[in-house]
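Novice: Below you will find the structure I want to go over with you.
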2 protein chains.
Amino acid sequence: MAQDDEMTGKAWDDGASPALPAGAARLDNQLCFAVHATAHAFNRAYRPLLEKIGLTYPQYLAMLVLWQENELTVKALGEQLFLDSGTLSPLLKRLEQAGLVTRRRDARDERQVLVTLTEKGKAMQEETGRILSTMLAKTGCTLDEAHELRDKLQALRARLDG
Amino acid sequence: MAQDDEMTGKAWDDGASPALPAGAARLDNQLCFAVHATAHAFNRAYRPLLEKIGLTYPQYLAMLVLWQENELTVKALGEQLFLDSGTLSPLLKRLEQAGLVTRRRDARDERQVLVTLTEKGKAMQEETGRILSTMLAKTGCTLDEAHELRDKLQALRARLDG
DNA sequence: AACAATCCTATTGCGCACAATTAAATTATG
DNA sequence: CATAATTTAATTGTGCGCAATAGGATTGTT
């Protein structure tokens, strides 16, 4: 199983690109996979906390924005979450079904749909009190470490999207 | 003293948890969201590169493992990818349909399914040559920066899963 | 040998993510 | 004013991710 490729790690290297170290293609060497796997791990860690209040993680993210803004359009929500209407429309329908938000066309521009927190939706914020600190504890990071990592990831995301 | 929720951002703080800074609950302040959004950004960045060779990003990750190991069980693959059979079974069926892998029961332990690269699957590695360096360029990171971030995320993931 | 416990994969159901398409409203342009 | 271009949301189809479940296969125990 130890072929020549594995000795050099450069079976993929046609010489036209800058040389990368041997084994760079290995799964566990890759930044993208570390990000991917960490995102799933966050999801798994949040799940038991959120199912107590009947939210999924993406729904919780949407609620976080709504707790800041109270009312906004689908488009504005999508810009903050980096999601499009194909993802948000069914998600928001489920939040509406759960009685947490209402959706209505903007009278001034009927293309837009305004998403608004209900009283029940506002009240739910109170139930999320310990989630944040529980999750921070699970990360094992200090606040400073978490902020540093967050900043580096935000910059990375901006470069990937740009 | 009794402070206004909106001023302090601590409507959620019941006093039983360690105090977090004001605005800690804001979406763009959170590490988990930065990880989540960066994972999606990686996905979007990989998509145009991978669709040239007919793979999705999770399929590409599975192929990365197979290019290292050539043959392994569904379980072993799942351990490396942090995925279960509910995710891998249909994914591997699609790879089989595409002629990249074969699947067969292990004769010595018929509970297990062995996934093996076909010649076509092995050959595909040649086509992935520039993907790695293209993606590294898109991140705008140096190798050292990428490795540092990768290490921090791997440690974080381990703590979240542990 | 018999039976229970465990292991491994597949299936089902639900929700997220995104591309492509459709439909309707608004804005821009001739 | 007419109509072309743009904007916005919803819908459809495909694939990932995971919980719950089921069905065999293996292993452990007595």
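In the structure tokens, chains take letters A, B, ... by order of appearance, with residues numbered from 1 within each chain and ligands from 1 in the order shown.
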Take chain A, superimpose it onto chain B by least squares using every C-alpha atom paired in sequence order, and output the result as a compact mmCIF listing (two decimals) with C-alpha atoms, in the first residue's frame.
Specialist:
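The result, written out as part28.txt:
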# COMPACT_ATOMS: atom_id res chain seq x y z
CA MET A 1 -35.17 49.07 20.70
CA ALA A 2 -32.40 49.77 23.16
CA GLN A 3 -33.82 47.90 26.10
CA ASP A 4 -32.16 47.36 29.41
CA ASP A 5 -31.08 43.94 28.20
CA GLU A 6 -29.06 45.43 25.44
CA MET A 7 -27.33 47.82 27.76
CA THR A 8 -26.02 45.07 29.97
CA GLY A 9 -26.14 42.14 27.58
CA LYS A 10 -27.05 40.03 30.56
CA ALA A 11 -30.75 39.34 30.28
CA TRP A 12 -29.69 35.69 30.12
CA ASP A 13 -27.43 35.92 33.15
CA ASP A 14 -29.07 34.41 36.19
CA GLY A 15 -25.98 34.94 38.26
CA ALA A 16 -25.34 31.23 38.67
CA SER A 17 -22.80 31.07 35.86
CA PRO A 18 -19.49 32.88 35.49
CA ALA A 19 -20.10 36.36 34.17
CA LEU A 20 -19.50 36.87 30.46
CA PRO A 21 -18.83 40.25 28.87
CA ALA A 22 -21.72 42.38 27.69
CA GLY A 23 -22.79 41.41 24.19
CA ALA A 24 -21.29 37.96 24.41
CA ALA A 25 -24.52 36.52 23.08
CA ARG A 26 -24.33 38.57 19.89
CA LEU A 27 -24.12 36.38 16.83
CA ASP A 28 -20.99 37.99 15.48
CA ASN A 29 -19.22 37.62 18.81
CA GLN A 30 -19.51 33.88 18.86
CA LEU A 31 -16.83 31.39 17.97
CA CYS A 32 -19.36 28.71 17.07
CA PHE A 33 -20.96 30.94 14.47
CA ALA A 34 -17.58 31.90 13.02
CA VAL A 35 -16.81 28.20 12.58
CA HIS A 36 -20.26 27.49 11.17
CA ALA A 37 -20.12 30.36 8.67
CA THR A 38 -16.56 29.56 7.61
CA ALA A 39 -17.51 25.94 6.92
CA HIS A 40 -20.29 27.14 4.62
CA ALA A 41 -17.92 29.56 2.93
CA PHE A 42 -15.47 26.71 2.25
CA ASN A 43 -18.32 24.71 0.82
CA ARG A 44 -19.31 27.53 -1.51
CA ALA A 45 -15.69 28.05 -2.55
CA TYR A 46 -15.16 24.37 -3.31
CA ARG A 47 -18.42 23.91 -5.20
CA PRO A 48 -17.41 25.41 -8.57
CA LEU A 49 -14.07 23.58 -8.50
CA LEU A 50 -15.62 20.23 -7.64
CA GLU A 51 -18.60 20.32 -9.93
CA LYS A 52 -16.17 20.25 -12.84
CA ILE A 53 -15.34 16.68 -11.83
CA GLY A 54 -18.84 15.85 -10.61
CA LEU A 55 -18.21 15.65 -6.87
CA THR A 56 -19.78 17.36 -3.91
CA TYR A 57 -17.55 18.47 -1.06
CA PRO A 58 -18.46 15.59 1.27
CA GLN A 59 -17.91 13.16 -1.61
CA TYR A 60 -14.51 14.78 -2.22
CA LEU A 61 -13.59 14.26 1.43
CA ALA A 62 -14.49 10.59 1.14
CA MET A 63 -12.39 10.31 -2.01
CA LEU A 64 -9.44 11.94 -0.21
CA VAL A 65 -9.52 9.13 2.34
CA LEU A 66 -9.88 6.51 -0.37
CA TRP A 67 -6.93 7.91 -2.29
CA GLN A 68 -4.90 7.33 0.85
CA GLU A 69 -6.24 3.91 1.74
CA ASN A 70 -7.55 2.46 -1.51
CA GLU A 71 -9.90 0.13 0.35
CA LEU A 72 -11.56 0.34 3.76
CA THR A 73 -14.79 -0.41 5.57
CA VAL A 74 -17.68 2.00 5.91
CA LYS A 75 -16.96 2.17 9.61
CA ALA A 76 -13.30 3.05 9.15
CA LEU A 77 -14.24 5.70 6.63
CA GLY A 78 -16.81 7.12 9.03
CA GLU A 79 -14.25 7.33 11.82
CA GLN A 80 -11.92 9.40 9.69
CA LEU A 81 -14.71 11.68 8.46
CA PHE A 82 -16.63 11.79 11.76
CA LEU A 83 -19.75 10.56 9.95
CA ASP A 84 -22.07 7.61 10.49
CA SER A 85 -23.60 5.08 8.11
CA GLY A 86 -26.79 7.11 7.82
CA THR A 87 -24.78 9.73 6.01
CA LEU A 88 -22.27 7.51 4.28
CA SER A 89 -24.52 4.78 2.88
CA PRO A 90 -26.37 7.01 0.41
CA LEU A 91 -23.22 9.01 -0.35
CA LEU A 92 -21.28 5.84 -1.19
CA LYS A 93 -24.14 4.60 -3.33
CA ARG A 94 -23.84 7.74 -5.40
CA LEU A 95 -20.08 7.28 -5.72
CA GLU A 96 -20.74 3.69 -6.80
CA GLN A 97 -23.34 4.86 -9.31
CA ALA A 98 -20.73 7.26 -10.69
CA GLY A 99 -18.37 4.32 -11.13
CA LEU A 100 -15.77 5.62 -8.68
CA VAL A 101 -16.00 2.91 -6.02
CA THR A 102 -17.31 -0.60 -5.53
CA ARG A 103 -19.02 -1.92 -2.40
CA ARG A 104 -19.05 -5.52 -1.27
CA ARG A 105 -19.53 -7.46 1.95
CA ASP A 106 -16.37 -8.66 3.62
CA ALA A 107 -16.29 -12.45 3.20
CA ARG A 108 -14.63 -12.85 6.60
CA ASP A 109 -17.13 -10.63 8.45
CA GLU A 110 -20.31 -10.17 6.53
CA ARG A 111 -21.46 -7.30 8.73
CA GLN A 112 -18.83 -5.10 7.15
CA VAL A 113 -18.94 -3.50 3.75
CA LEU A 114 -15.67 -2.89 1.98
CA VAL A 115 -15.44 0.23 -0.14
CA THR A 116 -12.81 0.06 -2.87
CA LEU A 117 -11.63 2.54 -5.47
CA THR A 118 -12.20 1.60 -9.10
CA GLU A 119 -9.63 2.46 -11.75
CA LYS A 120 -11.82 5.41 -12.66
CA GLY A 121 -11.85 6.46 -9.03
CA LYS A 122 -8.06 6.24 -8.80
CA ALA A 123 -7.67 8.13 -12.04
CA MET A 124 -9.80 10.98 -10.75
CA GLN A 125 -7.05 11.96 -8.34
CA GLU A 126 -5.11 13.32 -11.31
CA GLU A 127 -7.93 15.76 -12.04
CA THR A 128 -7.76 17.24 -8.55
CA GLY A 129 -4.27 18.60 -9.04
CA ARG A 130 -4.93 22.29 -8.85
CA ILE A 131 -7.79 22.21 -6.37
CA LEU A 132 -5.59 22.25 -3.30
CA SER A 133 -3.40 25.15 -4.32
CA THR A 134 -6.37 27.06 -5.72
CA MET A 135 -8.14 26.75 -2.40
CA LEU A 136 -5.06 27.72 -0.42
CA ALA A 137 -4.82 30.83 -2.57
CA LYS A 138 -8.49 31.62 -1.88
CA THR A 139 -7.90 31.42 1.85
CA GLY A 140 -5.20 34.07 1.56
CA CYS A 141 -3.25 32.18 4.23
CA THR A 142 0.38 31.21 4.19
CA LEU A 143 1.02 27.53 4.75
CA ASP A 144 2.17 28.28 8.28
CA GLU A 145 -0.94 30.27 9.09
CA ALA A 146 -3.14 27.53 7.65
CA HIS A 147 -1.37 24.90 9.72
CA GLU A 148 -1.62 26.93 12.90
CA LEU A 149 -5.33 27.46 12.42
CA ARG A 150 -5.84 23.82 11.49
CA ASP A 151 -4.07 22.66 14.65
CA LYS A 152 -6.16 24.93 16.87
CA LEU A 153 -9.37 23.72 15.25
CA GLN A 154 -8.36 20.07 15.53
CA ALA A 155 -7.72 20.55 19.24
CA LEU A 156 -11.02 22.38 19.63
CA ARG A 157 -12.92 19.64 17.82
CA ALA A 158 -11.34 17.00 20.01
CA ARG A 159 -12.44 18.87 23.15
CA LEU A 160 -15.98 19.30 21.81
CA ASP A 161 -16.28 15.63 20.91
CA GLY A 162 -14.59 14.40 24.05
Novice: What residues in range 10-106 of chain A get the DSSP label alpha helix (DSSP H)? Please answer as a ChimeraX atom specification.
Specialist: /A:31-51,57-69,74-81,85-97
Novice: Export, as a PDB file, in the first residue's frame, the selected residues with C-alpha atoms.
Specialist:
ATOM      1  CA  LEU A  31      -7.780  23.438   6.862  1.00  0.00           C
ATOM      2  CA  CYS A  32     -11.036  23.054   4.956  1.00  0.00           C
ATOM      3  CA  PHE A  33     -11.737  19.718   6.588  1.00  0.00           C
ATOM      4  CA  ALA A  34     -10.891  21.069  10.032  1.00  0.00           C
ATOM      5  CA  VAL A  35     -13.461  23.827   9.481  1.00  0.00           C
ATOM      6  CA  HIS A  36     -16.009  21.397   8.076  1.00  0.00           C
ATOM      7  CA  ALA A  37     -15.616  18.917  10.937  1.00  0.00           C
ATOM      8  CA  THR A  38     -15.665  21.640  13.596  1.00  0.00           C
ATOM      9  CA  ALA A  39     -18.905  23.044  12.179  1.00  0.00           C
ATOM     10  CA  HIS A  40     -20.506  19.607  12.498  1.00  0.00           C
ATOM     11  CA  ALA A  41     -19.157  19.251  16.013  1.00  0.00           C
ATOM     12  CA  PHE A  42     -20.738  22.589  16.976  1.00  0.00           C
ATOM     13  CA  ASN A  43     -23.985  21.395  15.490  1.00  0.00           C
ATOM     14  CA  ARG A  44     -23.889  18.198  17.522  1.00  0.00           C
ATOM     15  CA  ALA A  45     -23.006  20.131  20.678  1.00  0.00           C
ATOM     16  CA  TYR A  46     -25.851  22.605  20.203  1.00  0.00           C
ATOM     17  CA  ARG A  47     -28.465  20.006  19.335  1.00  0.00           C
ATOM     18  CA  PRO A  48     -29.295  18.751  22.848  1.00  0.00           C
ATOM     19  CA  LEU A  49     -29.393  22.308  24.211  1.00  0.00           C
ATOM     20  CA  LEU A  50     -31.647  23.589  21.445  1.00  0.00           C
ATOM     21  CA  GLU A  51     -34.054  20.712  21.223  1.00  0.00           C
ATOM     22  CA  TYR A  57     -29.216  25.320  15.026  1.00  0.00           C
ATOM     23  CA  PRO A  58     -29.975  27.214  11.791  1.00  0.00           C
ATOM     24  CA  GLN A  59     -33.322  28.266  13.267  1.00  0.00           C
ATOM     25  CA  TYR A  60     -31.489  29.474  16.380  1.00  0.00           C
ATOM     26  CA  LEU A  61     -29.164  31.564  14.217  1.00  0.00           C
ATOM     27  CA  ALA A  62     -32.170  33.163  12.536  1.00  0.00           C
ATOM     28  CA  MET A  63     -33.700  33.876  15.932  1.00  0.00           C
ATOM     29  CA  LEU A  64     -30.443  35.493  17.091  1.00  0.00           C
ATOM     30  CA  VAL A  65     -30.734  37.985  14.244  1.00  0.00           C
ATOM     31  CA  LEU A  66     -34.409  38.568  14.959  1.00  0.00           C
ATOM     32  CA  TRP A  67     -33.719  39.202  18.638  1.00  0.00           C
ATOM     33  CA  GLN A  68     -31.398  41.966  17.493  1.00  0.00           C
ATOM     34  CA  GLU A  69     -33.608  43.449  14.809  1.00  0.00           C
ATOM     35  CA  VAL A  74     -36.008  37.775   4.128  1.00  0.00           C
ATOM     36  CA  LYS A  75     -33.251  39.305   2.049  1.00  0.00           C
ATOM     37  CA  ALA A  76     -31.727  41.219   4.957  1.00  0.00           C
ATOM     38  CA  LEU A  77     -31.867  38.098   7.091  1.00  0.00           C
ATOM     39  CA  GLY A  78     -30.187  36.107   4.338  1.00  0.00           C
ATOM     40  CA  GLU A  79     -27.387  38.642   4.060  1.00  0.00           C
ATOM     41  CA  GLN A  80     -26.576  38.332   7.731  1.00  0.00           C
ATOM     42  CA  LEU A  81     -26.745  34.535   7.685  1.00  0.00           C
ATOM     43  CA  SER A  85     -34.433  32.279   0.049  1.00  0.00           C
ATOM     44  CA  GLY A  86     -34.299  28.638  -0.994  1.00  0.00           C
ATOM     45  CA  THR A  87     -33.006  27.852   2.457  1.00  0.00           C
ATOM     46  CA  LEU A  88     -34.820  30.531   4.420  1.00  0.00           C
ATOM     47  CA  SER A  89     -38.341  30.223   3.017  1.00  0.00           C
ATOM     48  CA  PRO A  90     -39.039  26.745   4.399  1.00  0.00           C
ATOM     49  CA  LEU A  91     -37.112  27.495   7.607  1.00  0.00           C
ATOM     50  CA  LEU A  92     -39.180  30.629   8.243  1.00  0.00           C
ATOM     51  CA  LYS A  93     -42.369  28.730   7.512  1.00  0.00           C
ATOM     52  CA  ARG A  94     -41.467  26.323  10.283  1.00  0.00           C
ATOM     53  CA  LEU A  95     -40.740  29.195  12.669  1.00  0.00           C
ATOM     54  CA  GLU A  96     -44.109  30.674  11.713  1.00  0.00           C
ATOM     55  CA  GLN A  97     -45.805  27.314  12.277  1.00  0.00           C
TER      56      GLN A  97
END
Novice: Would you kindly report the residues of chain C within 8 Å of chain B, using only C-alpha atoms (C1' of nucleotides), as JSON, numbers by chain?
Specialist: {"C": [7, 8, 9, 10]}
Novice: Write out as a count of residues only the residues lying within 12 Å of DT29 in chain D, counting only C-alpha atoms (C1' of nucleotides) and excluding same-chain residues fewer than 2 positions away.
Specialist: 6
Novice: Would you mind listing, for every residue of chain D within 8 Å of chain A, the two atoms forming the shortest contact and the distance between them in Å to one decimal, using only C-alpha atoms (C1' of nucleotides), sorted by chain and ascending residue number, as a Markdown table?
Specialist:
| residue | atom | partner | partner_atom | distance |
| --- | --- | --- | --- | --- |
| D:DT7 | C1' | A:Arg111 | CA | 7.9 |
| D:DT8 | C1' | A:Arg111 | CA | 5.1 |
| D:DA9 | C1' | A:Ser85 | CA | 6.6 |
| D:DA10 | C1' | A:Ser89 | CA | 7.2 |
Novice: Considering only strand (DSSP E) as DSSP defines it on the backbone, what residues of chain A qualify? List them as an NGL selection string.
Specialist: :A and (71-73 or 101-105 or 113-117)
Novice: Residues within 12 Å of DT12 in chain D, please, as a ChimeraX atom specification. Count only C-alpha atoms (C1' of nucleotides); anything in the same chain fewer than 2 positions from it doesn't count.
Specialist: /A:86 /C:18-22 /D:10,14
Novice: Let's have the selection written as a tab-separated table (two decimals), in the first residue's frame, with N, CA and C atoms (P, O5', C5', C4', C3', O3' and C1' of nucleotides).
Specialist:
chain	number	residue	atom	x	y	z
A	86	GLY	N	-34.05	30.07	-0.88
A	86	GLY	CA	-34.30	28.64	-0.99
A	86	GLY	C	-34.11	27.92	0.32
C	18	DC	P	-25.45	27.57	1.13
C	18	DC	O5'	-25.84	27.12	-0.35
C	18	DC	C5'	-25.06	26.12	-0.97
C	18	DC	C4'	-25.72	25.74	-2.28
C	18	DC	C3'	-26.07	26.94	-3.17
C	18	DC	O3'	-25.65	26.67	-4.49
C	18	DC	C1'	-27.91	25.52	-2.97
C	19	DA	P	-25.29	27.87	-5.47
C	19	DA	O5'	-25.69	27.28	-6.90
C	19	DA	C5'	-25.37	25.94	-7.22
C	19	DA	C4'	-26.36	25.39	-8.23
C	19	DA	C3'	-26.74	26.39	-9.32
C	19	DA	O3'	-26.77	25.72	-10.57
C	19	DA	C1'	-28.70	25.68	-8.17
C	20	DA	P	-26.92	26.58	-11.92
C	20	DA	O5'	-28.46	26.39	-12.29
C	20	DA	C5'	-29.05	25.10	-12.19
C	20	DA	C4'	-30.54	25.20	-12.43
C	20	DA	C3'	-30.94	26.29	-13.44
C	20	DA	O3'	-31.84	25.74	-14.37
C	20	DA	C1'	-32.15	26.54	-11.40
C	21	DT	P	-32.38	26.63	-15.60
C	21	DT	O5'	-33.87	26.96	-15.14
C	21	DT	C5'	-34.68	25.90	-14.63
C	21	DT	C4'	-35.93	26.45	-13.98
C	21	DT	C3'	-36.65	27.53	-14.79
C	21	DT	O3'	-37.93	27.05	-15.15
C	21	DT	C1'	-36.51	28.08	-12.47
C	22	DT	P	-38.93	27.93	-16.09
C	22	DT	O5'	-39.90	28.61	-15.03
C	22	DT	C5'	-40.52	27.80	-14.02
C	22	DT	C4'	-41.32	28.67	-13.09
C	22	DT	C3'	-42.13	29.77	-13.79
C	22	DT	O3'	-43.47	29.69	-13.36
C	22	DT	C1'	-40.85	30.68	-12.02
D	10	DA	P	-41.21	33.95	0.70
D	10	DA	O5'	-41.53	32.90	-0.47
D	10	DA	C5'	-42.67	33.11	-1.28
D	10	DA	C4'	-42.73	32.04	-2.34
D	10	DA	C3'	-42.64	30.60	-1.82
D	10	DA	O3'	-43.75	29.87	-2.32
D	10	DA	C1'	-41.08	30.95	-3.58
D	14	DT	P	-33.96	15.19	-9.15
D	14	DT	O5'	-32.63	15.40	-8.32
D	14	DT	C5'	-31.56	16.15	-8.90
D	14	DT	C4'	-30.49	16.37	-7.85
D	14	DT	C3'	-30.09	15.11	-7.07
D	14	DT	O3'	-28.69	14.93	-7.17
D	14	DT	C1'	-30.53	16.92	-5.60
Novice: Using only C-alpha atoms (C1' of nucleotides), which residues sit within 12 Å of DA28 in chain C once same-chain residues fewer than 6 positions away are excluded, as a short mmCIF file (atom, residue, chain, number, x, y, z; two decimals) with C-alpha atoms (C1' of nucleotides), in the first residue's frame?
Specialist:
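See out_6.cif below for the written result:
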data_model
loop_
_atom_site.label_atom_id
_atom_site.label_comp_id
_atom_site.auth_asym_id
_atom_site.auth_seq_id
_atom_site.Cartn_x
_atom_site.Cartn_y
_atom_site.Cartn_z
"C1'" DT D 3 -41.59 47.70 -22.20
"C1'" DA D 4 -37.26 45.92 -20.94
"C1'" DA D 5 -34.26 44.96 -17.10
"C1'" DT D 6 -33.83 44.19 -12.33
#
Novice: Report the distance between C1' of DT6 in chain C and C1' of DG17 in chain D in Å, rounded to one decimal place.
Specialist: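 Distance between the two atoms: 25.0 Å.
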Novice: What is the C1' of DA2 in chain D-C1' of DA23 in chain C distance in Å, reported with one decimal?
Specialist: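 It comes out at 20.5 Å.
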Novice: What is the C1' of DT11 in chain D-C1' of DC14 in chain C distance in Å, reported with one decimal?
Specialist: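 Calculated distance between C1' of DT11 in chain D and C1' of DC14 in chain C is 18.5 Å.
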